Amino acid sequence: MPDFLISAVFLANAIWFGLGFIAFYLRRDVFAKIVVPVQADRNNTAYSAVIESGRFMGGFNFALSALNFGLLFNLAGLETPAQLSFMLVFNALAHGSQFFGNVPMALKNRRGAGIWNVFKGVMLQIFVIDFVLMVANFALAFAITL
């Protein structure tokens with residue numbers, strides 16, 4: 001497996017998780033407006049909790065970004081295909097948890113319901129990019145183990 005392909009996937013992971021850190025942690029008030037789009041629904045203490053929960057999601061994204069940057073610059077530290085595959089599967093699961101976490105909302109959207117719209121704007125980008133990165137990480141992990 002070419003190192004540039006592995007590096008490209010780790011770089012894409014690092015950038016995407018880094019953007020998650022910015023969105024959830026640094027710009028948590030903006031992101032909260034996306035997941036609670038109706039102004040009237042924001043006039044309570046639960047909305048404040050949604051905003052502050054961004055610190056937790058952002059923190060996880062920061063750690064995942066740092067991990068992927070570390071992997072990108074330390075491919076030689078992964079001595080066996082199994083070690084490399086494990087890290088790729090780990091990333092695939094991280095992206096998959098975000099994608100599949102939005103599937104129930106997407107199904108509600110298809111029926112004209114749901115709190116936020118998965119098929120529009122930033123949420124659509126998140127939905128699609130997490131799916132693509134999940135598949136890319138799983139596919140690369142599988143190809144490495146062959």
# chains A, B, ... in the order shown; residues from 1 in each chain; ligands from 1
>>> closest_atom_pairs(of="segment 71-142 of chain A", to="segment 1-8 of chain A", cutoff="12 Å", atoms="only C-alpha atoms", output="tab-separated table")
residue	atom	partner	partner_atom	distance
A:Leu71	CA	A:Ser7	CA	8.3
A:Leu72	CA	A:Ser7	CA	5.5
A:Phe73	CA	A:Ser7	CA	8.4
A:Asn74	CA	A:Ser7	CA	9.8
A:Leu75	CA	A:Ser7	CA	8.0
A:Ala76	CA	A:Asp3	CA	10.0
A:Leu78	CA	A:Ile6	CA	11.7
A:Pro81	CA	A:Met1	CA	9.7
A:Leu84	CA	A:Ile6	CA	9.1
A:Ser85	CA	A:Ile6	CA	10.3
A:Met87	CA	A:Ile6	CA	10.9
A:Leu88	CA	A:Ile6	CA	9.1
A:Leu133	CA	A:Ala8	CA	11.0
A:Ala136	CA	A:Ile6	CA	10.0
A:Asn137	CA	A:Ile6	CA	9.0
A:Phe138	CA	A:Ile6	CA	11.8
A:Ala139	CA	A:Ile6	CA	11.1
A:Leu140	CA	A:Ile6	CA	7.6
A:Ala141	CA	A:Ile6	CA	9.5
A:Phe142	CA	A:Met1	CA	11.0
>>> residues_around(residues="Glu52 of chain A", least_positions_apart="5", cutoff="9 Å", atoms="only C-alpha atoms", output="list in words")
Tyr25, Arg28, Asp29 and Tyr47 of chain A
>>> select_by_dssp(residues="segment 92-140 of chain A", states="helix (DSSP H, G or I)", output="ChimeraX atom specification")
/A:92-110,121-140
>>> write_last_selection(atoms="N, CA, C and O atoms", output="compact mmCIF listing (two decimals), in the first residue's frame")
# COMPACT_ATOMS: atom_id res chain seq x y z
N ALA A 92 -12.30 4.99 11.35
CA ALA A 92 -13.56 4.68 10.67
C ALA A 92 -14.71 4.64 11.66
O ALA A 92 -15.81 5.13 11.38
N LEU A 93 -14.47 4.06 12.82
CA LEU A 93 -15.52 4.01 13.85
C LEU A 93 -15.85 5.40 14.37
O LEU A 93 -17.02 5.71 14.64
N ALA A 94 -14.85 6.25 14.51
CA ALA A 94 -15.10 7.63 14.97
C ALA A 94 -15.98 8.37 13.95
O ALA A 94 -16.96 9.01 14.32
N HIS A 95 -15.64 8.26 12.68
CA HIS A 95 -16.45 8.91 11.65
C HIS A 95 -17.83 8.24 11.56
O HIS A 95 -18.85 8.92 11.41
N GLY A 96 -17.84 6.92 11.65
CA GLY A 96 -19.10 6.19 11.57
C GLY A 96 -20.05 6.54 12.69
O GLY A 96 -21.27 6.63 12.49
N SER A 97 -19.51 6.78 13.88
CA SER A 97 -20.40 7.15 15.00
C SER A 97 -21.09 8.48 14.73
O SER A 97 -22.24 8.68 15.12
N GLN A 98 -20.40 9.39 14.04
CA GLN A 98 -21.01 10.67 13.68
C GLN A 98 -22.03 10.49 12.56
O GLN A 98 -23.12 11.07 12.60
N PHE A 99 -21.68 9.70 11.57
CA PHE A 99 -22.61 9.45 10.45
C PHE A 99 -23.87 8.74 10.94
O PHE A 99 -24.98 9.20 10.71
N PHE A 100 -23.67 7.60 11.61
CA PHE A 100 -24.84 6.82 12.04
C PHE A 100 -25.63 7.53 13.14
O PHE A 100 -26.81 7.29 13.30
N GLY A 101 -24.97 8.43 13.88
CA GLY A 101 -25.69 9.24 14.86
C GLY A 101 -26.68 10.19 14.20
O GLY A 101 -27.68 10.57 14.80
N ASN A 102 -26.42 10.56 12.95
CA ASN A 102 -27.31 11.45 12.21
C ASN A 102 -28.36 10.71 11.39
O ASN A 102 -29.30 11.33 10.88
N VAL A 103 -28.22 9.40 11.21
CA VAL A 103 -29.17 8.65 10.40
C VAL A 103 -30.60 8.74 10.95
O VAL A 103 -31.53 9.00 10.17
N PRO A 104 -30.84 8.58 12.25
CA PRO A 104 -32.22 8.71 12.74
C PRO A 104 -32.83 10.08 12.43
O PRO A 104 -34.01 10.18 12.07
N MET A 105 -32.02 11.15 12.54
CA MET A 105 -32.53 12.48 12.22
C MET A 105 -32.80 12.60 10.72
O MET A 105 -33.79 13.21 10.30
N ALA A 106 -31.94 12.01 9.91
CA ALA A 106 -32.15 12.02 8.46
C ALA A 106 -33.45 11.31 8.10
O ALA A 106 -34.20 11.78 7.23
N LEU A 107 -33.73 10.20 8.76
CA LEU A 107 -34.98 9.48 8.50
C LEU A 107 -36.18 10.31 8.92
O LEU A 107 -37.22 10.32 8.23
N LYS A 108 -36.06 11.03 10.03
CA LYS A 108 -37.14 11.94 10.44
C LYS A 108 -37.32 13.05 9.41
O LYS A 108 -38.44 13.43 9.09
N ASN A 109 -36.20 13.58 8.89
CA ASN A 109 -36.27 14.62 7.86
C ASN A 109 -37.02 14.13 6.64
O ASN A 109 -37.77 14.90 6.03
N ARG A 110 -36.82 12.88 6.27
CA ARG A 110 -37.50 12.33 5.09
C ARG A 110 -39.02 12.31 5.29
O ARG A 110 -39.77 12.31 4.31
N GLY A 121 -27.06 22.43 4.09
CA GLY A 121 -25.97 23.24 4.65
C GLY A 121 -24.88 22.45 5.35
O GLY A 121 -24.42 21.40 4.87
N VAL A 122 -24.47 22.96 6.49
CA VAL A 122 -23.36 22.39 7.26
C VAL A 122 -23.65 20.95 7.67
O VAL A 122 -22.76 20.09 7.62
N MET A 123 -24.87 20.67 8.06
CA MET A 123 -25.20 19.31 8.51
C MET A 123 -25.05 18.30 7.36
O MET A 123 -24.60 17.18 7.57
N LEU A 124 -25.40 18.71 6.14
CA LEU A 124 -25.22 17.83 4.99
C LEU A 124 -23.73 17.58 4.75
O LEU A 124 -23.32 16.44 4.49
N GLN A 125 -22.91 18.63 4.88
CA GLN A 125 -21.47 18.45 4.73
C GLN A 125 -20.94 17.46 5.76
O GLN A 125 -20.14 16.58 5.43
N ILE A 126 -21.34 17.61 6.99
CA ILE A 126 -20.89 16.71 8.06
C ILE A 126 -21.33 15.28 7.75
O ILE A 126 -20.53 14.34 7.85
N PHE A 127 -22.57 15.12 7.37
CA PHE A 127 -23.14 13.81 7.07
C PHE A 127 -22.34 13.12 5.96
O PHE A 127 -21.92 11.96 6.09
N VAL A 128 -22.11 13.83 4.87
CA VAL A 128 -21.42 13.26 3.71
C VAL A 128 -19.94 13.02 4.00
O VAL A 128 -19.40 11.94 3.70
N ILE A 129 -19.26 14.01 4.57
CA ILE A 129 -17.82 13.87 4.80
C ILE A 129 -17.53 12.77 5.81
O ILE A 129 -16.60 11.97 5.62
N ASP A 130 -18.32 12.67 6.88
CA ASP A 130 -18.10 11.57 7.83
C ASP A 130 -18.33 10.22 7.16
O ASP A 130 -17.62 9.25 7.43
N PHE A 131 -19.33 10.13 6.27
CA PHE A 131 -19.56 8.88 5.55
C PHE A 131 -18.36 8.54 4.67
O PHE A 131 -17.86 7.41 4.69
N VAL A 132 -17.90 9.51 3.89
CA VAL A 132 -16.78 9.28 2.97
C VAL A 132 -15.52 8.88 3.74
O VAL A 132 -14.83 7.92 3.36
N LEU A 133 -15.23 9.58 4.84
CA LEU A 133 -14.02 9.24 5.61
C LEU A 133 -14.17 7.90 6.33
O LEU A 133 -13.19 7.17 6.48
N MET A 134 -15.37 7.56 6.76
CA MET A 134 -15.60 6.24 7.36
C MET A 134 -15.28 5.15 6.33
O MET A 134 -14.52 4.22 6.62
N VAL A 135 -15.82 5.28 5.13
CA VAL A 135 -15.59 4.29 4.08
C VAL A 135 -14.11 4.25 3.69
O VAL A 135 -13.53 3.17 3.53
N ALA A 136 -13.49 5.41 3.54
CA ALA A 136 -12.07 5.46 3.15
C ALA A 136 -11.19 4.76 4.18
O ALA A 136 -10.30 3.98 3.82
N ASN A 137 -11.43 5.02 5.45
CA ASN A 137 -10.63 4.38 6.50
C ASN A 137 -10.86 2.88 6.55
O ASN A 137 -9.91 2.11 6.66
N PHE A 138 -12.13 2.45 6.46
CA PHE A 138 -12.42 1.01 6.46
C PHE A 138 -11.82 0.33 5.24
O PHE A 138 -11.21 -0.74 5.35
N ALA A 139 -11.96 0.95 4.06
CA ALA A 139 -11.45 0.35 2.83
C ALA A 139 -9.93 0.22 2.88
O ALA A 139 -9.38 -0.83 2.50
N LEU A 140 -9.26 1.24 3.35
CA LEU A 140 -7.80 1.19 3.45
C LEU A 140 -7.36 0.14 4.46
O LEU A 140 -6.42 -0.61 4.21
>>> closest_residue(among="A:Gly54, A:Phe86, A:Thr145, A:Leu64", to="Val30 of chain A", atoms="only C-alpha atoms")
A:Gly54
>>> atom_distance(atom1="atom CA of Ser48 of chain A", atom2="atom CA of Ala23 of chain A")
16.1 Å
>>> residues_around(residues="Leu19 of chain A", least_positions_apart="3", cutoff="9 Å", atoms="only C-alpha atoms", output="ChimeraX atom specification")
/A:14-16,22-24,61-62,65
>>> write_last_selection(atoms="N, CA and C atoms", output="compact mmCIF listing (two decimals), in the first residue's frame")
# COMPACT_ATOMS: atom_id res chain seq x y z
N ALA A 14 -7.17 14.22 10.12
CA ALA A 14 -6.66 15.27 11.01
C ALA A 14 -7.33 16.61 10.73
N ILE A 15 -7.46 16.94 9.46
CA ILE A 15 -8.10 18.21 9.10
C ILE A 15 -9.56 18.20 9.50
N TRP A 16 -10.27 17.13 9.19
CA TRP A 16 -11.70 17.06 9.50
C TRP A 16 -11.96 17.14 11.01
N ILE A 22 -12.85 23.25 15.92
CA ILE A 22 -13.21 24.66 15.73
C ILE A 22 -14.72 24.85 15.85
N ALA A 23 -15.48 23.98 15.17
CA ALA A 23 -16.94 24.13 15.17
C ALA A 23 -17.56 23.89 16.54
N PHE A 24 -17.14 22.82 17.20
CA PHE A 24 -17.78 22.45 18.46
C PHE A 24 -17.25 23.21 19.67
N ASN A 61 -12.72 15.93 19.38
CA ASN A 61 -12.25 16.19 18.02
C ASN A 61 -10.81 16.68 18.01
N PHE A 62 -10.43 17.50 18.99
CA PHE A 62 -9.05 17.96 19.08
C PHE A 62 -8.11 16.77 19.29
N SER A 65 -7.83 14.77 16.12
CA SER A 65 -7.00 15.49 15.16
C SER A 65 -5.51 15.33 15.50
>>> decode(residues="segment 96-112 of chain A", atoms="all heavy atoms", output="mmCIF file, in the first residue's frame")
data_model
loop_
_atom_site.group_PDB
_atom_site.id
_atom_site.type_symbol
_atom_site.label_atom_id
_atom_site.label_comp_id
_atom_site.auth_asym_id
_atom_site.auth_seq_id
_atom_site.Cartn_x
_atom_site.Cartn_y
_atom_site.Cartn_z
ATOM 1 N N GLY A 96 -17.841 6.923 11.648
ATOM 2 C CA GLY A 96 -19.104 6.189 11.572
ATOM 3 C C GLY A 96 -20.051 6.544 12.690
ATOM 4 O O GLY A 96 -21.274 6.625 12.487
ATOM 5 N N SER A 97 -19.515 6.782 13.881
ATOM 6 C CA SER A 97 -20.401 7.149 15.003
ATOM 7 C C SER A 97 -21.086 8.479 14.726
ATOM 8 O O SER A 97 -22.243 8.680 15.117
ATOM 9 C CB SER A 97 -19.611 7.205 16.316
ATOM 10 O OG SER A 97 -18.735 8.331 16.337
ATOM 11 N N GLN A 98 -20.404 9.388 14.040
ATOM 12 C CA GLN A 98 -21.010 10.669 13.681
ATOM 13 C C GLN A 98 -22.028 10.490 12.557
ATOM 14 O O GLN A 98 -23.120 11.069 12.598
ATOM 15 C CB GLN A 98 -19.925 11.673 13.265
ATOM 16 C CG GLN A 98 -18.931 11.964 14.357
ATOM 17 C CD GLN A 98 -19.599 12.393 15.650
ATOM 18 O OE1 GLN A 98 -20.280 13.407 15.690
ATOM 19 N NE2 GLN A 98 -19.433 11.613 16.694
ATOM 20 N N PHE A 99 -21.679 9.697 11.566
ATOM 21 C CA PHE A 99 -22.608 9.453 10.453
ATOM 22 C C PHE A 99 -23.868 8.740 10.936
ATOM 23 O O PHE A 99 -24.984 9.205 10.713
ATOM 24 C CB PHE A 99 -21.919 8.638 9.348
ATOM 25 C CG PHE A 99 -22.873 8.205 8.277
ATOM 26 C CD1 PHE A 99 -23.283 9.101 7.311
ATOM 27 C CD2 PHE A 99 -23.371 6.916 8.250
ATOM 28 C CE1 PHE A 99 -24.188 8.714 6.333
ATOM 29 C CE2 PHE A 99 -24.266 6.509 7.273
ATOM 30 C CZ PHE A 99 -24.672 7.417 6.309
ATOM 31 N N PHE A 100 -23.674 7.604 11.612
ATOM 32 C CA PHE A 100 -24.836 6.824 12.039
ATOM 33 C C PHE A 100 -25.627 7.533 13.143
ATOM 34 O O PHE A 100 -26.814 7.286 13.302
ATOM 35 C CB PHE A 100 -24.421 5.411 12.465
ATOM 36 C CG PHE A 100 -24.069 4.553 11.285
ATOM 37 C CD1 PHE A 100 -22.764 4.161 11.063
ATOM 38 C CD2 PHE A 100 -25.033 4.171 10.382
ATOM 39 C CE1 PHE A 100 -22.427 3.385 9.960
ATOM 40 C CE2 PHE A 100 -24.723 3.401 9.273
ATOM 41 C CZ PHE A 100 -23.406 3.006 9.057
ATOM 42 N N GLY A 101 -24.971 8.428 13.881
ATOM 43 C CA GLY A 101 -25.689 9.238 14.859
ATOM 44 C C GLY A 101 -26.676 10.185 14.199
ATOM 45 O O GLY A 101 -27.682 10.572 14.805
ATOM 46 N N ASN A 102 -26.417 10.556 12.951
ATOM 47 C CA ASN A 102 -27.314 11.445 12.212
ATOM 48 C C ASN A 102 -28.363 10.708 11.386
ATOM 49 O O ASN A 102 -29.298 11.335 10.884
ATOM 50 C CB ASN A 102 -26.511 12.375 11.290
ATOM 51 C CG ASN A 102 -26.241 13.711 11.939
ATOM 52 O OD1 ASN A 102 -27.119 14.310 12.541
ATOM 53 N ND2 ASN A 102 -25.017 14.178 11.797
ATOM 54 N N VAL A 103 -28.216 9.403 11.209
ATOM 55 C CA VAL A 103 -29.168 8.646 10.400
ATOM 56 C C VAL A 103 -30.600 8.743 10.950
ATOM 57 O O VAL A 103 -31.532 8.996 10.174
ATOM 58 C CB VAL A 103 -28.719 7.181 10.223
ATOM 59 C CG1 VAL A 103 -29.834 6.317 9.666
ATOM 60 C CG2 VAL A 103 -27.486 7.118 9.317
ATOM 61 N N PRO A 104 -30.837 8.579 12.254
ATOM 62 C CA PRO A 104 -32.220 8.715 12.741
ATOM 63 C C PRO A 104 -32.830 10.084 12.432
ATOM 64 O O PRO A 104 -34.010 10.175 12.067
ATOM 65 C CB PRO A 104 -32.107 8.499 14.258
ATOM 66 C CG PRO A 104 -30.870 7.689 14.430
ATOM 67 C CD PRO A 104 -29.939 8.164 13.346
ATOM 68 N N MET A 105 -32.025 11.151 12.537
ATOM 69 C CA MET A 105 -32.531 12.484 12.215
ATOM 70 C C MET A 105 -32.804 12.604 10.722
ATOM 71 O O MET A 105 -33.795 13.208 10.305
ATOM 72 C CB MET A 105 -31.534 13.549 12.667
ATOM 73 C CG MET A 105 -32.063 14.950 12.556
ATOM 74 S SD MET A 105 -33.503 15.283 13.603
ATOM 75 C CE MET A 105 -32.774 15.107 15.229
ATOM 76 N N ALA A 106 -31.938 12.007 9.905
ATOM 77 C CA ALA A 106 -32.145 12.024 8.457
ATOM 78 C C ALA A 106 -33.448 11.309 8.098
ATOM 79 O O ALA A 106 -34.201 11.776 7.233
ATOM 80 C CB ALA A 106 -30.954 11.376 7.746
ATOM 81 N N LEU A 107 -33.725 10.204 8.760
ATOM 82 C CA LEU A 107 -34.975 9.482 8.502
ATOM 83 C C LEU A 107 -36.185 10.314 8.918
ATOM 84 O O LEU A 107 -37.219 10.318 8.234
ATOM 85 C CB LEU A 107 -34.966 8.133 9.233
ATOM 86 C CG LEU A 107 -33.920 7.134 8.725
ATOM 87 C CD1 LEU A 107 -33.878 5.903 9.613
ATOM 88 C CD2 LEU A 107 -34.182 6.767 7.268
ATOM 89 N N LYS A 108 -36.060 11.030 10.028
ATOM 90 C CA LYS A 108 -37.141 11.942 10.437
ATOM 91 C C LYS A 108 -37.318 13.049 9.409
ATOM 92 O O LYS A 108 -38.439 13.434 9.089
ATOM 93 C CB LYS A 108 -36.848 12.532 11.813
ATOM 94 C CG LYS A 108 -36.987 11.554 12.944
ATOM 95 C CD LYS A 108 -36.664 12.210 14.281
ATOM 96 C CE LYS A 108 -36.744 11.194 15.403
ATOM 97 N NZ LYS A 108 -36.412 11.794 16.701
ATOM 98 N N ASN A 109 -36.203 13.575 8.890
ATOM 99 C CA ASN A 109 -36.267 14.619 7.860
ATOM 100 C C ASN A 109 -37.020 14.135 6.637
ATOM 101 O O ASN A 109 -37.774 14.899 6.026
ATOM 102 C CB ASN A 109 -34.872 15.063 7.435
ATOM 103 C CG ASN A 109 -34.100 15.833 8.476
ATOM 104 O OD1 ASN A 109 -32.902 16.025 8.328
ATOM 105 N ND2 ASN A 109 -34.720 16.292 9.547
ATOM 106 N N ARG A 110 -36.819 12.883 6.271
ATOM 107 C CA ARG A 110 -37.504 12.329 5.093
ATOM 108 C C ARG A 110 -39.019 12.307 5.286
ATOM 109 O O ARG A 110 -39.767 12.312 4.312
ATOM 110 C CB ARG A 110 -37.005 10.912 4.800
ATOM 111 C CG ARG A 110 -35.514 10.806 4.553
ATOM 112 C CD ARG A 110 -35.114 11.020 3.173
ATOM 113 N NE ARG A 110 -35.764 10.034 2.325
ATOM 114 C CZ ARG A 110 -35.705 10.055 1.023
ATOM 115 N NH1 ARG A 110 -35.034 10.979 0.430
ATOM 116 N NH2 ARG A 110 -36.317 9.145 0.305
ATOM 117 N N ARG A 111 -39.462 12.284 6.555
ATOM 118 C CA ARG A 111 -40.898 12.314 6.860
ATOM 119 C C ARG A 111 -41.373 13.729 7.186
ATOM 120 O O ARG A 111 -42.475 13.905 7.678
ATOM 121 C CB ARG A 111 -41.202 11.380 8.033
ATOM 122 C CG ARG A 111 -40.939 9.904 7.727
ATOM 123 C CD ARG A 111 -41.420 8.986 8.834
ATOM 124 N NE ARG A 111 -40.906 9.307 10.141
ATOM 125 C CZ ARG A 111 -39.802 8.809 10.697
ATOM 126 N NH1 ARG A 111 -39.068 7.966 10.025
ATOM 127 N NH2 ARG A 111 -39.430 9.154 11.912
ATOM 128 N N GLY A 112 -40.495 14.723 6.968
ATOM 129 C CA GLY A 112 -40.869 16.105 7.236
ATOM 130 C C GLY A 112 -40.736 16.516 8.690
ATOM 131 O O GLY A 112 -41.294 17.526 9.108
#
